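Here's entry-v7.cif, which has mmCIF, C-alpha atoms:
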```cif
data_coords
loop_
_atom_site.label_atom_id
_atom_site.label_comp_id
_atom_site.auth_asym_id
_atom_site.auth_seq_id
_atom_site.Cartn_x
_atom_site.Cartn_y
_atom_site.Cartn_z
CA MET R 10 37.23 20.06 -13.05
CA ILE R 11 34.81 18.25 -10.74
CA ASN R 12 35.55 14.77 -9.37
CA LEU R 13 33.38 12.29 -7.50
CA LEU R 14 35.09 11.53 -4.20
CA GLY R 15 35.79 7.89 -3.42
CA THR R 16 36.20 6.83 -7.05
CA GLU R 17 38.87 6.98 -9.71
CA SER R 18 36.57 8.94 -12.00
CA LYS R 19 37.84 12.21 -13.37
CA ASP R 20 36.15 15.17 -14.96
CA ILE R 21 32.58 14.43 -13.89
CA ASN R 22 30.05 16.17 -16.12
CA PRO R 23 27.66 17.88 -13.67
CA LEU R 24 24.78 17.86 -16.15
CA ASP R 25 25.07 14.11 -16.78
CA LEU R 26 25.26 13.50 -13.05
CA VAL R 27 22.29 15.54 -11.84
CA LEU R 28 20.00 14.41 -14.67
CA ALA R 29 20.75 10.77 -13.84
CA GLU R 30 20.02 11.16 -10.11
CA GLN R 31 16.71 9.74 -8.90
CA ARG R 32 13.90 12.05 -7.78
CA GLN R 33 10.56 10.43 -7.15
CA ARG R 34 7.46 12.52 -6.52
CA SER R 35 4.81 11.06 -4.25
CA GLU R 36 1.62 12.89 -3.32
CA ARG R 37 3.34 16.19 -4.03
CA PRO R 38 6.24 17.49 -6.14
CA TRP R 39 9.77 16.51 -5.11
CA VAL R 40 11.38 19.57 -3.50
CA MET R 41 15.09 20.19 -3.95
CA LEU R 42 17.04 23.10 -2.54
CA ASN R 43 20.25 24.55 -3.97
CA MET R 44 22.43 26.94 -1.95
CA ILE R 45 26.04 28.00 -1.47
CA ALA R 46 27.66 28.79 1.89
CA SER R 47 31.13 29.59 3.16
CA ILE R 48 32.94 27.25 5.56
CA ASP R 49 31.59 29.33 8.44
CA GLY R 50 28.03 29.32 7.09
CA ALA R 51 27.71 32.69 5.33
CA THR R 52 25.41 32.66 2.31
CA ALA R 53 26.38 36.08 0.98
CA ILE R 54 29.17 38.64 0.84
CA ASP R 55 27.93 42.24 0.71
CA GLY R 56 24.43 40.91 0.24
CA ARG R 57 25.12 38.64 -2.74
CA SER R 58 26.03 34.97 -3.09
CA THR R 59 27.97 35.32 -6.34
CA SER R 60 31.22 36.28 -4.58
CA LEU R 61 31.23 32.89 -2.83
CA GLY R 62 31.18 30.87 -6.05
CA ASP R 63 33.70 29.96 -8.73
CA ASP R 64 33.56 28.44 -12.21
CA ASP R 65 32.81 24.96 -10.84
CA ASP R 66 29.92 26.29 -8.78
CA ARG R 67 28.50 28.12 -11.78
CA GLU R 68 28.61 24.89 -13.81
CA MET R 69 26.85 22.99 -11.03
CA PHE R 70 24.26 25.77 -10.68
CA LYS R 71 23.47 25.59 -14.40
CA ALA R 72 23.28 21.80 -14.30
CA ILE R 73 20.85 21.78 -11.35
CA ARG R 74 18.62 24.31 -13.09
CA ALA R 75 18.14 21.80 -15.91
CA VAL R 76 16.32 19.41 -13.53
CA PRO R 77 13.10 21.04 -12.24
CA ASP R 78 9.74 21.85 -13.73
CA VAL R 79 9.56 24.98 -11.58
CA ILE R 80 12.19 27.15 -9.86
CA LEU R 81 10.86 28.98 -6.78
CA VAL R 82 12.56 32.01 -5.29
CA GLY R 83 11.60 34.82 -2.92
CA ALA R 84 11.20 38.34 -4.27
CA ARG R 85 13.94 39.73 -2.02
CA THR R 86 16.42 37.26 -3.47
CA VAL R 87 15.38 38.21 -7.00
CA LYS R 88 16.23 41.83 -6.18
CA ALA R 89 19.43 41.16 -4.21
CA GLU R 90 20.90 38.78 -6.81
CA GLY R 91 19.73 40.74 -9.85
CA TYR R 92 17.80 37.82 -11.32
CA GLY R 93 17.17 37.68 -15.05
CA PRO R 94 14.99 35.26 -17.02
CA VAL R 95 15.99 31.59 -16.73
CA SER R 96 18.56 30.94 -19.44
CA LEU R 97 19.52 27.44 -20.61
CA ASP R 98 21.92 26.61 -23.42
CA GLU R 99 20.97 24.34 -26.34
CA GLU R 100 22.37 21.21 -24.72
CA ARG R 101 20.41 21.63 -21.51
CA ARG R 102 17.23 22.46 -23.44
CA ALA R 103 17.63 19.36 -25.60
CA ARG R 104 18.34 17.13 -22.61
CA ARG R 105 15.21 18.43 -20.86
CA VAL R 106 13.03 17.83 -23.90
CA ALA R 107 14.43 14.29 -24.20
CA LYS R 108 13.24 13.67 -20.62
CA GLY R 109 9.76 14.95 -21.40
CA LEU R 110 10.21 18.38 -19.82
CA THR R 111 9.65 21.83 -21.25
CA GLU R 112 12.73 23.49 -22.75
CA VAL R 113 13.04 25.89 -19.81
CA PRO R 114 11.67 25.58 -16.27
CA VAL R 115 9.11 28.08 -15.07
CA LEU R 116 10.52 30.70 -12.70
CA GLY R 117 8.14 31.32 -9.80
CA ILE R 118 8.65 34.45 -7.67
CA VAL R 119 6.92 34.43 -4.30
CA THR R 120 5.95 37.78 -2.79
CA GLY R 121 3.21 38.31 -0.22
CA ARG R 122 2.56 41.96 -1.07
CA LEU R 123 3.59 41.92 -4.74
CA SER R 124 6.58 44.03 -3.71
CA ILE R 125 8.60 43.58 -6.87
CA ASP R 126 9.82 46.11 -9.43
CA PRO R 127 7.90 45.63 -12.70
CA GLU R 128 10.95 47.04 -14.53
CA ALA R 129 13.29 44.40 -13.08
CA ARG R 130 15.45 42.41 -15.50
CA VAL R 131 13.63 39.20 -14.56
CA PHE R 132 10.65 40.43 -16.62
CA SER R 133 12.70 41.31 -19.72
CA ASP R 134 11.94 38.25 -21.88
CA PRO R 135 8.27 38.06 -22.99
CA ALA R 136 8.86 34.53 -24.35
CA TYR R 137 9.53 33.25 -20.82
CA ARG R 138 7.34 35.19 -18.45
CA PRO R 139 7.86 34.35 -14.78
CA MET R 140 5.03 33.27 -12.54
CA VAL R 141 4.49 35.62 -9.61
CA VAL R 142 2.83 33.95 -6.65
CA THR R 143 1.23 36.41 -4.27
CA GLY R 144 -1.43 36.70 -1.60
CA THR R 145 -4.51 38.62 -0.62
CA GLN R 146 -2.45 41.58 0.64
CA ALA R 147 -0.98 42.26 -2.79
CA ASP R 148 -0.80 45.90 -3.84
CA PRO R 149 -3.37 46.39 -6.67
CA SER R 150 -1.35 49.25 -8.18
CA ARG R 151 1.68 46.98 -8.60
CA LEU R 152 -0.52 44.39 -10.26
CA MET R 153 -1.52 46.96 -12.86
CA MET R 154 2.12 47.96 -13.37
CA LEU R 155 3.12 44.36 -14.04
CA GLY R 156 0.66 44.14 -16.89
CA ASP R 157 1.45 41.17 -19.13
CA ALA R 158 5.06 40.82 -17.92
CA ALA R 159 4.19 37.90 -15.64
CA GLU R 160 1.56 35.30 -14.88
CA VAL R 161 0.20 36.37 -11.49
CA VAL R 162 -1.22 33.70 -9.20
CA PHE R 163 -3.23 34.67 -6.10
CA LEU R 164 -3.33 32.26 -3.18
CA ASP R 165 -5.30 32.75 0.02
CA ASP R 166 -2.54 30.93 1.85
CA LEU R 167 1.15 31.39 0.95
CA SER R 168 2.32 28.47 3.07
CA PRO R 169 4.71 26.00 1.43
CA ALA R 170 1.97 23.34 1.33
CA SER R 171 -0.39 25.74 -0.44
CA ILE R 172 2.26 26.75 -2.98
CA LEU R 173 3.08 23.11 -3.72
CA GLY R 174 -0.64 22.41 -4.01
CA HIS R 175 -0.87 24.99 -6.78
CA LEU R 176 2.18 23.41 -8.46
CA ASP R 177 0.81 19.88 -8.18
CA ALA R 178 1.35 19.17 -11.88
CA ALA R 179 5.12 19.55 -11.39
CA SER R 180 7.34 16.57 -10.66
CA VAL R 181 10.30 18.55 -9.28
CA VAL R 182 10.40 22.01 -7.69
CA LEU R 183 13.73 23.73 -7.04
CA LEU R 184 14.13 26.27 -4.22
CA GLU R 185 16.78 28.96 -4.66
CA GLY R 186 16.18 30.99 -1.51
CA GLY R 187 16.49 33.22 0.24
CA PRO R 188 17.11 31.78 3.70
CA SER R 189 13.73 32.83 5.11
CA PHE R 190 11.93 31.23 2.18
CA ASN R 191 13.99 28.05 2.52
CA GLY R 192 13.28 27.99 6.24
CA GLN R 193 9.53 27.91 5.69
CA PHE R 194 9.79 24.74 3.60
CA ILE R 195 12.19 23.09 6.04
CA ALA R 196 10.01 23.93 9.04
CA ALA R 197 7.06 22.42 7.17
CA GLY R 198 9.04 19.21 6.51
CA LEU R 199 8.76 19.72 2.76
CA VAL R 200 12.36 19.43 1.56
CA ASP R 201 13.46 16.15 -0.03
CA GLU R 202 16.92 17.09 -1.29
CA ILE R 203 19.58 19.67 -0.53
CA ASN R 204 22.41 20.54 -2.88
CA LEU R 205 24.99 22.53 -0.93
CA THR R 206 28.15 24.08 -2.31
CA VAL R 207 30.73 24.65 0.44
CA SER R 208 32.86 27.60 -0.60
CA PRO R 209 36.43 27.61 0.80
CA LYS R 210 36.04 31.06 2.34
CA LEU R 211 35.76 32.41 5.86
CA VAL R 212 33.41 35.38 5.96
CA SER R 213 32.14 35.93 9.52
CA GLY R 214 29.83 38.99 9.58
CA ASP R 215 26.08 38.67 10.01
CA SER R 216 25.11 36.82 6.84
CA SER R 217 22.21 34.38 7.14
CA ARG R 218 22.51 30.60 7.21
CA ILE R 219 21.04 28.70 4.24
CA ALA R 220 17.75 28.60 6.16
CA ARG R 221 16.26 30.56 9.03
CA GLY R 222 12.93 31.19 10.69
CA GLY R 223 10.57 28.67 12.21
CA GLU R 224 12.20 25.56 13.62
CA ALA R 225 11.57 22.11 12.17
CA LYS R 226 10.06 19.97 14.94
CA PRO R 227 11.38 17.38 14.91
CA PRO R 228 14.49 18.26 12.86
CA LEU R 229 14.58 16.60 9.44
CA ASN R 230 17.00 13.71 9.21
CA MET R 231 19.08 13.80 6.02
CA ARG R 232 21.60 11.35 4.61
CA LEU R 233 24.67 12.21 2.54
CA ASP R 234 24.15 10.86 -0.99
CA ARG R 235 27.31 12.04 -2.76
CA VAL R 236 30.31 14.36 -2.48
CA LEU R 237 31.96 16.12 -5.41
CA LEU R 238 35.25 17.96 -5.24
CA GLY R 239 35.90 20.91 -7.51
CA GLN R 240 39.10 22.86 -7.87
CA ARG R 241 38.36 24.46 -4.51
CA ALA R 242 34.73 23.90 -3.50
CA LEU R 243 32.84 20.87 -2.20
CA PHE R 244 29.47 19.88 -3.66
CA LEU R 245 27.24 17.91 -1.30
CA ARG R 246 23.93 16.22 -2.04
CA TYR R 247 21.73 15.24 0.90
CA LEU R 248 18.48 13.31 0.67
CA LYS R 249 15.69 13.10 3.22
CA ALA R 250 16.27 10.01 5.33
CA ASP R 251 13.62 7.39 5.98
CA ASN R 252 12.61 5.71 9.25
CA GLY R 253 15.00 7.72 11.41
CA GLU R 254 18.01 7.03 9.19
CA GLY R 255 20.68 9.70 9.59
CA SER R 256 19.81 10.46 13.22
#
```
Take the structure from the file and write it as structure tokens.
Amino acid sequence: MINLLGTESKDINPLDLVLAEQRQRSERPWVMLNMIASIDGATAIDGRSTSLGDDDDREMFKAIRAVPDVILVGARTVKAEGYGPVSLDEERRARRVAKGLTEVPVLGIVTGRLSIDPEARVFSDPAYRPMVVTGTQADPSRLMMLGDAAEVVFLDDLSPASILGHLDAASVVLLEGGPSFNGQFIAAGLVDEINLTVSPKLVSGDSSRIARGGEAKPPLNMRLDRVLLGQRALFLRYLKADNGEGS
């Protein structure tokens, strides 16, 4: 059960909520980021995020995946989390089609050297081939091994701006990590929305924050848009603030 804090509403339907939220592209696609972290900021336990989540988080994750045209994720996260093809149930497919979207978002895997296993589960559904975005240092032998399992896109520049330029037909792009990949978009000032699940766990250890790497200068000001309370976890939505709001 997920409730919207500050109201008397009960049993919020995450899919209804996230599909109704406003996302307005401007000169580029709207970029949203979805991550989970423990109270003390860990994004993984034993290298995976799944141990941080619960049933409510899984429902929110599935709802958020119904929003974008494209899901972007780094190749290391695909391997660490054991990604498969994007899977949406009939309701989410129908709701997307009703909004003028394709039944299933495109999954884009970003890897500078094409360092991804062509036998990975993410390539197992020929009906929904992922898009692999790579650069000029890609290993030609791995390209041959991929064969027809993916649509491979070569970019001279794998910066966030360049990737979004290639995806310019999209209205909404969803980032799913990892932290280094997220950090590149944040440092470039190209994140409009963050959906953060706060897991009620203390982990310590050396797990990464939700973003790391180059520093955003100046830091991006965000404003809290809504708070949801699950059985145990908090679900926060932040939007990029305008004109210094949130500072």
Taking 3 positions as the minimum chain separation for residues in the same chain, which residues sit within 12 Å of R:Glu36 when counting all atoms listed in the file? Answer as an mmCIF file with C-alpha atoms, in the coordinates of the input.
```cif
data_model
loop_
_atom_site.group_PDB
_atom_site.id
_atom_site.type_symbol
_atom_site.label_atom_id
_atom_site.label_comp_id
_atom_site.auth_asym_id
_atom_site.auth_seq_id
_atom_site.Cartn_x
_atom_site.Cartn_y
_atom_site.Cartn_z
ATOM 1 C CA GLN R 33 10.560 10.430 -7.150
ATOM 2 C CA TRP R 39 9.770 16.510 -5.110
ATOM 3 C CA VAL R 40 11.380 19.570 -3.500
ATOM 4 C CA ALA R 170 1.970 23.340 1.330
ATOM 5 C CA LEU R 173 3.080 23.110 -3.720
ATOM 6 C CA GLY R 174 -0.640 22.410 -4.010
ATOM 7 C CA LEU R 176 2.180 23.410 -8.460
ATOM 8 C CA ASP R 177 0.810 19.880 -8.180
ATOM 9 C CA ALA R 178 1.350 19.170 -11.880
ATOM 10 C CA ALA R 179 5.120 19.550 -11.390
ATOM 11 C CA SER R 180 7.340 16.570 -10.660
ATOM 12 C CA VAL R 181 10.300 18.550 -9.280
ATOM 13 C CA LEU R 199 8.760 19.720 2.760
#
```
Checklist line | Atomic distance atom CA of R:Thr145 - atom CA of R:Leu167, expressed in Å with one decimal | finding: 9.3 Å
Next item on the list: Record the distance separating atom CA of R:Glu128 and atom CA of R:Ser96, expressed in Å with one decimal.
Entry: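 Between atom CA of R:Glu128 and atom CA of R:Ser96 the gap is 18.5 Å.
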Next item on the list: Output the residue selection produced by the PyMOL selection byres ((chain R and resi 89) around 10) on the file above, formatted as a PyMOL selection string.
Entry: chain R and resi 55-58+84-88+90-92+187
Next item on the list: Evaluate the PyMOL selection byres ((chain R and resi 97-114) around 6) and record the selected residues as a ChimeraX atom specification, following the chain and residue labels used in the document.
Entry: /R:78-79,96,115
Notebook entry, point to check: Got a sec to check which residues sit within 10 Å of (22.4, 24.2, -12.4), counting all atoms listed in the file, and write them as a list in words?
Noted result: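 The requested residues, written out, are Pro23, Leu24, Val27, Asn43, Asp66, Arg67, Glu68, Met69, Phe70, Lys71, Ala72, Ile73, Arg74, Ala75, Val76, Pro77, Leu97 and Arg101 of chain R.
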